Amino acid sequence: MRIRNLGYVFRLAFQGIFRNGFMSFASILVLICCLVVTGSTYVLTENITYNIDQLSGYNKIVCFVKEDAAEFELASLQEKIEKIGNVSEVRLITKDEALKSYEEEYGDFSYLFDMFEEDNPLKDSFEVTYKEGISLKEINTLVNSLENLEEDGIVKINNRQDITKKLDDLKNVISIVLTWLTILLFVISFFVVMNTIRLSVFSRREEIAIMHYVGATRFFVALPFLIEGTVLGLFSAAIAYGVQYFLYGALSAEVLGIGENGFVTVLPFEKFQWILAIIFAAVSVATGLVAGFAALRGDKKK
Amino acid sequence: MIELQNVTKTYPNGTKALKNVNLHIDDGEFVFIVGASGAGKTTLSRLLLREEKPTSGQILVNGFNLKRMPEWRVPKLRRTLGVVFQNFRLLPHMTVYENVAFAMRAVGKKKKDIEKTAKSMLGVMHLDGKENNFPDELSGGEQQRVALARALVNNPSTIIADEPTGNIDPRLSRELMKLLVDINESVGKTVVVITHEQELVDYYRKRVVTLKDGEIVSDRTGGMFDED
């Protein structure tokens, strides 16, 4: 196979794509679906992992105290909390301080809290900071110890580790579901691309037979079909990348609407652009090539 | 040069297509391989083209040992062979020129050489002016000359014609055979014609190898049914 024949084999490859236009279109479509699902799995798990990391860095538990707790009860409670293992700091936040903090947080809308100044519905609370780097098991032990202080006046515990755990579970579920979906779509893509190339092989069977008889190498005969698979793959990858870009932009704008309240952080697309481009190109070319080889297996006997 | 030494071919279903065949064909010879249907002619042709491997024995074709030859060397062997098929097997979507040029392109010849050689070969075969016609626009005789041009364009040393007159009328059969004889006599190419047509074989008085039930039952020069 010489460089000067490349133009010829590329021409044959494109002829194959256009000759079986409908099947080529189906191959591209199913590959795009497959790549977008793969890409979405990746960006989604990356985002969830990032948010989990953010939440894990927040090493505080808030314990709300019963409404009529006296000062001495609060002092006793603080002392008991400080004695629990892995606790590094305990800070009392009175209900007045809590209200003030909300007013500050909501800035221009702070007037909404004016009505509560006379009759503050908030509760006194303890902000319990635990040592950094402790395990989830140790955090759970700490939370259990705090829950045991119910008789001393603790009525509610807000622990972000619950959210972290839920997010982690969600991430696992999403990963499993999307990974299986990706595998299924890859299998479908593989067969559709393989059949597209098989159709090309079939429509050129007489040409292939003559090529073998006149002494064409197996590689020369196979190359147009492998290029056909690669071109289908790369074309799908380019479109899938565009679809992923717009999909991510649109969905992150939706999520950011919530994100402005500080619940969720959406990573910018630029963070994944290269890795996604590489994944899309590698996966699509590999699918195209493997399907091409598989389609040509039947030709081997000729 | 073609040499078969004690060649036996048994198919997986147990059919013994060739039994202990010994045959020697010198460079520049013209040989008819004849026999009834099922005699082993097609198997012999497939063995010479290395579409099949012998079960036992040795086959040498133009310096290649076909039994020991690795797969990747098969194209090299086939470049020394020009094949003429029954029904010619011209590619209907290609013009006359493209059908011939295609054989050169498939073996990686330069574009400049392809243009020059393919055109000159069409001239030799008296197909000037037909370059842009499609096979279905040609007469039977013209089609067979295109097929021959394609077989010869890569300058093989041996031509193997497998039942080349199978589906054509007697006049065209004689025309084709005359072309093959001319090629053999004028440029000295080895020609092996596999056929069952007694009339043609008798007419040309060339070497005739007769196969029957997978064995060579006669090898002589002259007609198929000449008395010894």
# chains A, B, ... in the order shown; residues from 1 in each chain; ligands from 1
$ residues_around --residues "A:Leu146" --least-positions-apart "3" --cutoff "12 Å" --atoms "only C-alpha atoms" --output "PyMOL selection string"
chain A and resi 61-65+77-78+80-85+87+126-128+139-143+149-159
$ write_last_selection --atoms "N, CA and C atoms" --output "compact mmCIF listing (two decimals), in the first residue's frame"
# COMPACT_ATOMS: atom_id res chain seq x y z
N ILE A 61 -21.75 20.67 62.12
CA ILE A 61 -23.09 20.11 62.37
C ILE A 61 -23.84 21.14 63.21
N VAL A 62 -25.09 21.37 62.84
CA VAL A 62 -25.87 22.36 63.60
C VAL A 62 -26.91 21.62 64.46
N CYS A 63 -26.89 21.90 65.79
CA CYS A 63 -27.85 21.26 66.70
C CYS A 63 -28.81 22.34 67.23
N PHE A 64 -30.09 22.16 66.96
CA PHE A 64 -31.08 23.13 67.45
C PHE A 64 -31.56 22.71 68.85
N VAL A 65 -31.79 23.74 69.65
CA VAL A 65 -32.12 23.50 71.06
C VAL A 65 -33.59 23.87 71.29
N LEU A 77 -25.22 22.16 78.24
CA LEU A 77 -25.26 21.43 76.97
C LEU A 77 -23.97 21.64 76.17
N GLN A 78 -23.51 22.87 76.14
CA GLN A 78 -22.27 23.18 75.41
C GLN A 78 -21.10 22.39 75.97
N LYS A 80 -21.25 19.52 77.58
CA LYS A 80 -21.39 18.09 77.23
C LYS A 80 -20.96 17.84 75.77
N ILE A 81 -21.34 18.78 74.90
CA ILE A 81 -20.99 18.60 73.47
C ILE A 81 -19.47 18.66 73.30
N GLU A 82 -18.85 19.59 74.00
CA GLU A 82 -17.40 19.76 73.87
C GLU A 82 -16.63 18.50 74.30
N LYS A 83 -17.28 17.72 75.15
CA LYS A 83 -16.60 16.52 75.65
C LYS A 83 -16.70 15.34 74.67
N ILE A 84 -17.57 15.47 73.66
CA ILE A 84 -17.73 14.36 72.70
C ILE A 84 -16.47 14.28 71.83
N GLY A 85 -16.06 13.03 71.51
CA GLY A 85 -14.85 12.81 70.72
C GLY A 85 -14.93 13.47 69.35
N VAL A 87 -14.80 16.44 68.44
CA VAL A 87 -15.34 17.81 68.37
C VAL A 87 -14.21 18.79 68.61
N PHE A 126 -26.41 25.19 68.40
CA PHE A 126 -24.96 25.05 68.56
C PHE A 126 -24.36 24.66 67.21
N GLU A 127 -23.34 25.41 66.81
CA GLU A 127 -22.62 25.04 65.60
C GLU A 127 -21.42 24.21 66.05
N VAL A 128 -21.48 22.90 65.74
CA VAL A 128 -20.44 21.99 66.21
C VAL A 128 -19.44 21.75 65.06
N ILE A 139 -18.03 10.40 61.94
CA ILE A 139 -19.04 11.48 61.92
C ILE A 139 -20.39 10.92 62.41
N ASN A 140 -20.71 9.71 61.93
CA ASN A 140 -21.97 9.09 62.35
C ASN A 140 -21.99 8.86 63.87
N THR A 141 -20.86 8.43 64.45
CA THR A 141 -20.77 8.23 65.91
C THR A 141 -21.02 9.55 66.62
N LEU A 142 -20.42 10.61 66.04
CA LEU A 142 -20.58 11.94 66.62
C LEU A 142 -22.05 12.37 66.59
N VAL A 143 -22.69 12.14 65.43
CA VAL A 143 -24.10 12.52 65.30
C VAL A 143 -24.95 11.73 66.30
N LEU A 149 -28.30 13.45 73.25
CA LEU A 149 -28.48 14.60 74.16
C LEU A 149 -29.89 15.19 74.07
N GLU A 150 -30.81 14.40 73.56
CA GLU A 150 -32.19 14.88 73.38
C GLU A 150 -32.81 15.34 74.69
N GLU A 151 -32.53 14.54 75.72
CA GLU A 151 -33.11 14.90 77.04
C GLU A 151 -32.52 16.18 77.58
N ASP A 152 -31.31 16.53 77.11
CA ASP A 152 -30.66 17.77 77.57
C ASP A 152 -31.14 18.98 76.78
N GLY A 153 -31.99 18.76 75.76
CA GLY A 153 -32.58 19.91 75.07
C GLY A 153 -32.35 19.97 73.56
N ILE A 154 -31.59 19.07 73.01
CA ILE A 154 -31.39 19.11 71.55
C ILE A 154 -32.63 18.53 70.86
N VAL A 155 -33.20 19.32 69.92
CA VAL A 155 -34.43 18.86 69.27
C VAL A 155 -34.22 18.48 67.81
N LYS A 156 -33.17 19.02 67.20
CA LYS A 156 -32.96 18.71 65.77
C LYS A 156 -31.49 18.84 65.43
N ILE A 157 -31.07 17.95 64.54
CA ILE A 157 -29.66 18.02 64.12
C ILE A 157 -29.61 18.16 62.60
N ASN A 158 -28.92 19.21 62.12
CA ASN A 158 -28.72 19.37 60.67
C ASN A 158 -27.30 18.95 60.33
N ASN A 159 -27.22 17.87 59.53
CA ASN A 159 -25.91 17.33 59.23
C ASN A 159 -25.76 17.22 57.72
$ interface_residues --of "chain B" --to "chain A" --cutoff "7 Å" --atoms "only C-alpha atoms" --output "PyMOL selection string"
chain B and resi 75-76+78-79+82+91+103+106-108
$ residues_around --residues "B:Arg220" --least-positions-apart "3" --cutoff "8 Å" --atoms "only C-alpha atoms" --output "VMD selection string"
chain B and resid 207 to 209
$ residues_around --residues "B:Asn155" --least-positions-apart "6" --cutoff "12 Å" --atoms "only C-alpha atoms" --output "compact mmCIF listing (two decimals) with N, CA and C atoms, in the first residue's frame"
# COMPACT_ATOMS: atom_id res chain seq x y z
N VAL A 214 -6.37 -10.30 -8.94
CA VAL A 214 -5.26 -9.63 -9.64
C VAL A 214 -4.07 -9.39 -8.70
N ARG B 78 -0.33 -14.10 -7.15
CA ARG B 78 -1.42 -13.79 -8.08
C ARG B 78 -1.03 -12.70 -9.07
N ARG B 79 -0.02 -11.91 -8.72
CA ARG B 79 0.43 -10.90 -9.68
C ARG B 79 1.18 -11.53 -10.85
N THR B 80 1.56 -12.81 -10.68
CA THR B 80 2.24 -13.49 -11.79
C THR B 80 1.21 -14.26 -12.64
N LEU B 81 -0.07 -14.20 -12.23
CA LEU B 81 -1.12 -14.94 -12.94
C LEU B 81 -2.18 -13.97 -13.47
N GLY B 82 -2.61 -14.22 -14.69
CA GLY B 82 -3.74 -13.45 -15.23
C GLY B 82 -4.90 -14.41 -15.34
N VAL B 83 -6.04 -14.01 -14.80
CA VAL B 83 -7.18 -14.95 -14.77
C VAL B 83 -8.29 -14.46 -15.71
N ALA B 103 -7.51 -3.04 -12.40
CA ALA B 103 -6.60 -4.14 -12.06
C ALA B 103 -5.21 -3.62 -11.72
N MET B 104 -4.81 -2.54 -12.38
CA MET B 104 -3.48 -1.97 -12.09
C MET B 104 -3.50 -1.18 -10.78
N VAL B 107 -3.12 -3.10 -7.59
CA VAL B 107 -1.79 -3.57 -7.17
C VAL B 107 -0.84 -2.39 -6.96
N THR B 117 -0.32 2.25 -19.79
CA THR B 117 -0.41 0.80 -20.06
C THR B 117 -1.84 0.37 -20.38
N ALA B 118 -2.81 0.90 -19.64
CA ALA B 118 -4.20 0.47 -19.88
C ALA B 118 -4.63 0.87 -21.29
N MET B 121 -2.91 -1.34 -23.82
CA MET B 121 -3.48 -2.69 -23.81
C MET B 121 -4.81 -2.73 -24.55
N LEU B 148 -9.72 -10.05 -21.28
CA LEU B 148 -8.36 -10.49 -21.55
C LEU B 148 -7.36 -9.35 -21.30
N ALA B 149 -7.78 -8.13 -21.68
CA ALA B 149 -6.92 -6.96 -21.44
C ALA B 149 -6.68 -6.80 -19.93
N ILE B 183 -1.44 -14.82 -27.84
CA ILE B 183 -0.68 -14.34 -26.68
C ILE B 183 0.43 -15.33 -26.34
N VAL B 187 4.02 -13.57 -27.41
CA VAL B 187 4.81 -13.06 -26.28
C VAL B 187 5.29 -14.16 -25.32
N GLY B 188 4.97 -15.39 -25.66
CA GLY B 188 5.51 -16.53 -24.91
C GLY B 188 4.95 -16.72 -23.51
N LYS B 189 3.76 -16.23 -23.28
CA LYS B 189 3.18 -16.44 -21.95
C LYS B 189 2.63 -17.86 -21.84
N THR B 190 2.75 -18.43 -20.65
CA THR B 190 2.18 -19.75 -20.40
C THR B 190 0.66 -19.59 -20.36
$ closest_atom_pairs --of "stretch 29-126 of chain B" --to "stretch 15-24 of chain B" --cutoff "12 Å" --atoms "only C-alpha atoms" --output "JSON lines"
{"residue": "B:Glu29", "atom": "CA", "partner": "B:His24", "partner_atom": "CA", "distance": 10.2}
{"residue": "B:Phe30", "atom": "CA", "partner": "B:His24", "partner_atom": "CA", "distance": 11.9}
{"residue": "B:Val31", "atom": "CA", "partner": "B:His24", "partner_atom": "CA", "distance": 10.4}
{"residue": "B:Ile33", "atom": "CA", "partner": "B:Leu23", "partner_atom": "CA", "distance": 10.8}
{"residue": "B:Ser37", "atom": "CA", "partner": "B:Ala17", "partner_atom": "CA", "distance": 11.4}
{"residue": "B:Gly38", "atom": "CA", "partner": "B:Ala17", "partner_atom": "CA", "distance": 7.8}
{"residue": "B:Ala39", "atom": "CA", "partner": "B:Ala17", "partner_atom": "CA", "distance": 7.4}
{"residue": "B:Gly40", "atom": "CA", "partner": "B:Ala17", "partner_atom": "CA", "distance": 5.3}
{"residue": "B:Lys41", "atom": "CA", "partner": "B:Ala17", "partner_atom": "CA", "distance": 8.8}
{"residue": "B:Thr42", "atom": "CA", "partner": "B:Ala17", "partner_atom": "CA", "distance": 9.2}
{"residue": "B:Thr43", "atom": "CA", "partner": "B:Ala17", "partner_atom": "CA", "distance": 6.6}
{"residue": "B:Leu44", "atom": "CA", "partner": "B:Leu18", "partner_atom": "CA", "distance": 7.7}
{"residue": "B:Ser45", "atom": "CA", "partner": "B:Leu18", "partner_atom": "CA", "distance": 11.4}
{"residue": "B:Arg46", "atom": "CA", "partner": "B:Ala17", "partner_atom": "CA", "distance": 11.3}
{"residue": "B:Leu47", "atom": "CA", "partner": "B:Leu18", "partner_atom": "CA", "distance": 10.3}
{"residue": "B:Leu48", "atom": "CA", "partner": "B:Leu23", "partner_atom": "CA", "distance": 11.8}
{"residue": "B:Glu52", "atom": "CA", "partner": "B:Ala17", "partner_atom": "CA", "distance": 11.7}
{"residue": "B:Lys53", "atom": "CA", "partner": "B:Leu18", "partner_atom": "CA", "distance": 11.8}
{"residue": "B:Pro54", "atom": "CA", "partner": "B:Leu18", "partner_atom": "CA", "distance": 8.9}
{"residue": "B:Thr55", "atom": "CA", "partner": "B:Leu18", "partner_atom": "CA", "distance": 9.4}
{"residue": "B:Ser56", "atom": "CA", "partner": "B:Asn20", "partner_atom": "CA", "distance": 8.4}
{"residue": "B:Gly57", "atom": "CA", "partner": "B:Asn20", "partner_atom": "CA", "distance": 7.7}
{"residue": "B:Gln58", "atom": "CA", "partner": "B:Asn22", "partner_atom": "CA", "distance": 9.4}
{"residue": "B:Ile59", "atom": "CA", "partner": "B:Leu23", "partner_atom": "CA", "distance": 9.4}
{"residue": "B:Leu60", "atom": "CA", "partner": "B:His24", "partner_atom": "CA", "distance": 9.4}
{"residue": "B:Val61", "atom": "CA", "partner": "B:His24", "partner_atom": "CA", "distance": 10.1}
{"residue": "B:Asn62", "atom": "CA", "partner": "B:His24", "partner_atom": "CA", "distance": 11.8}
$ residues_around --residues "B:Phe85" --least-positions-apart "2" --cutoff "6 Å" --atoms "only C-alpha atoms" --output "list in words"
Phe88, Asp162 and Pro164 of chain B
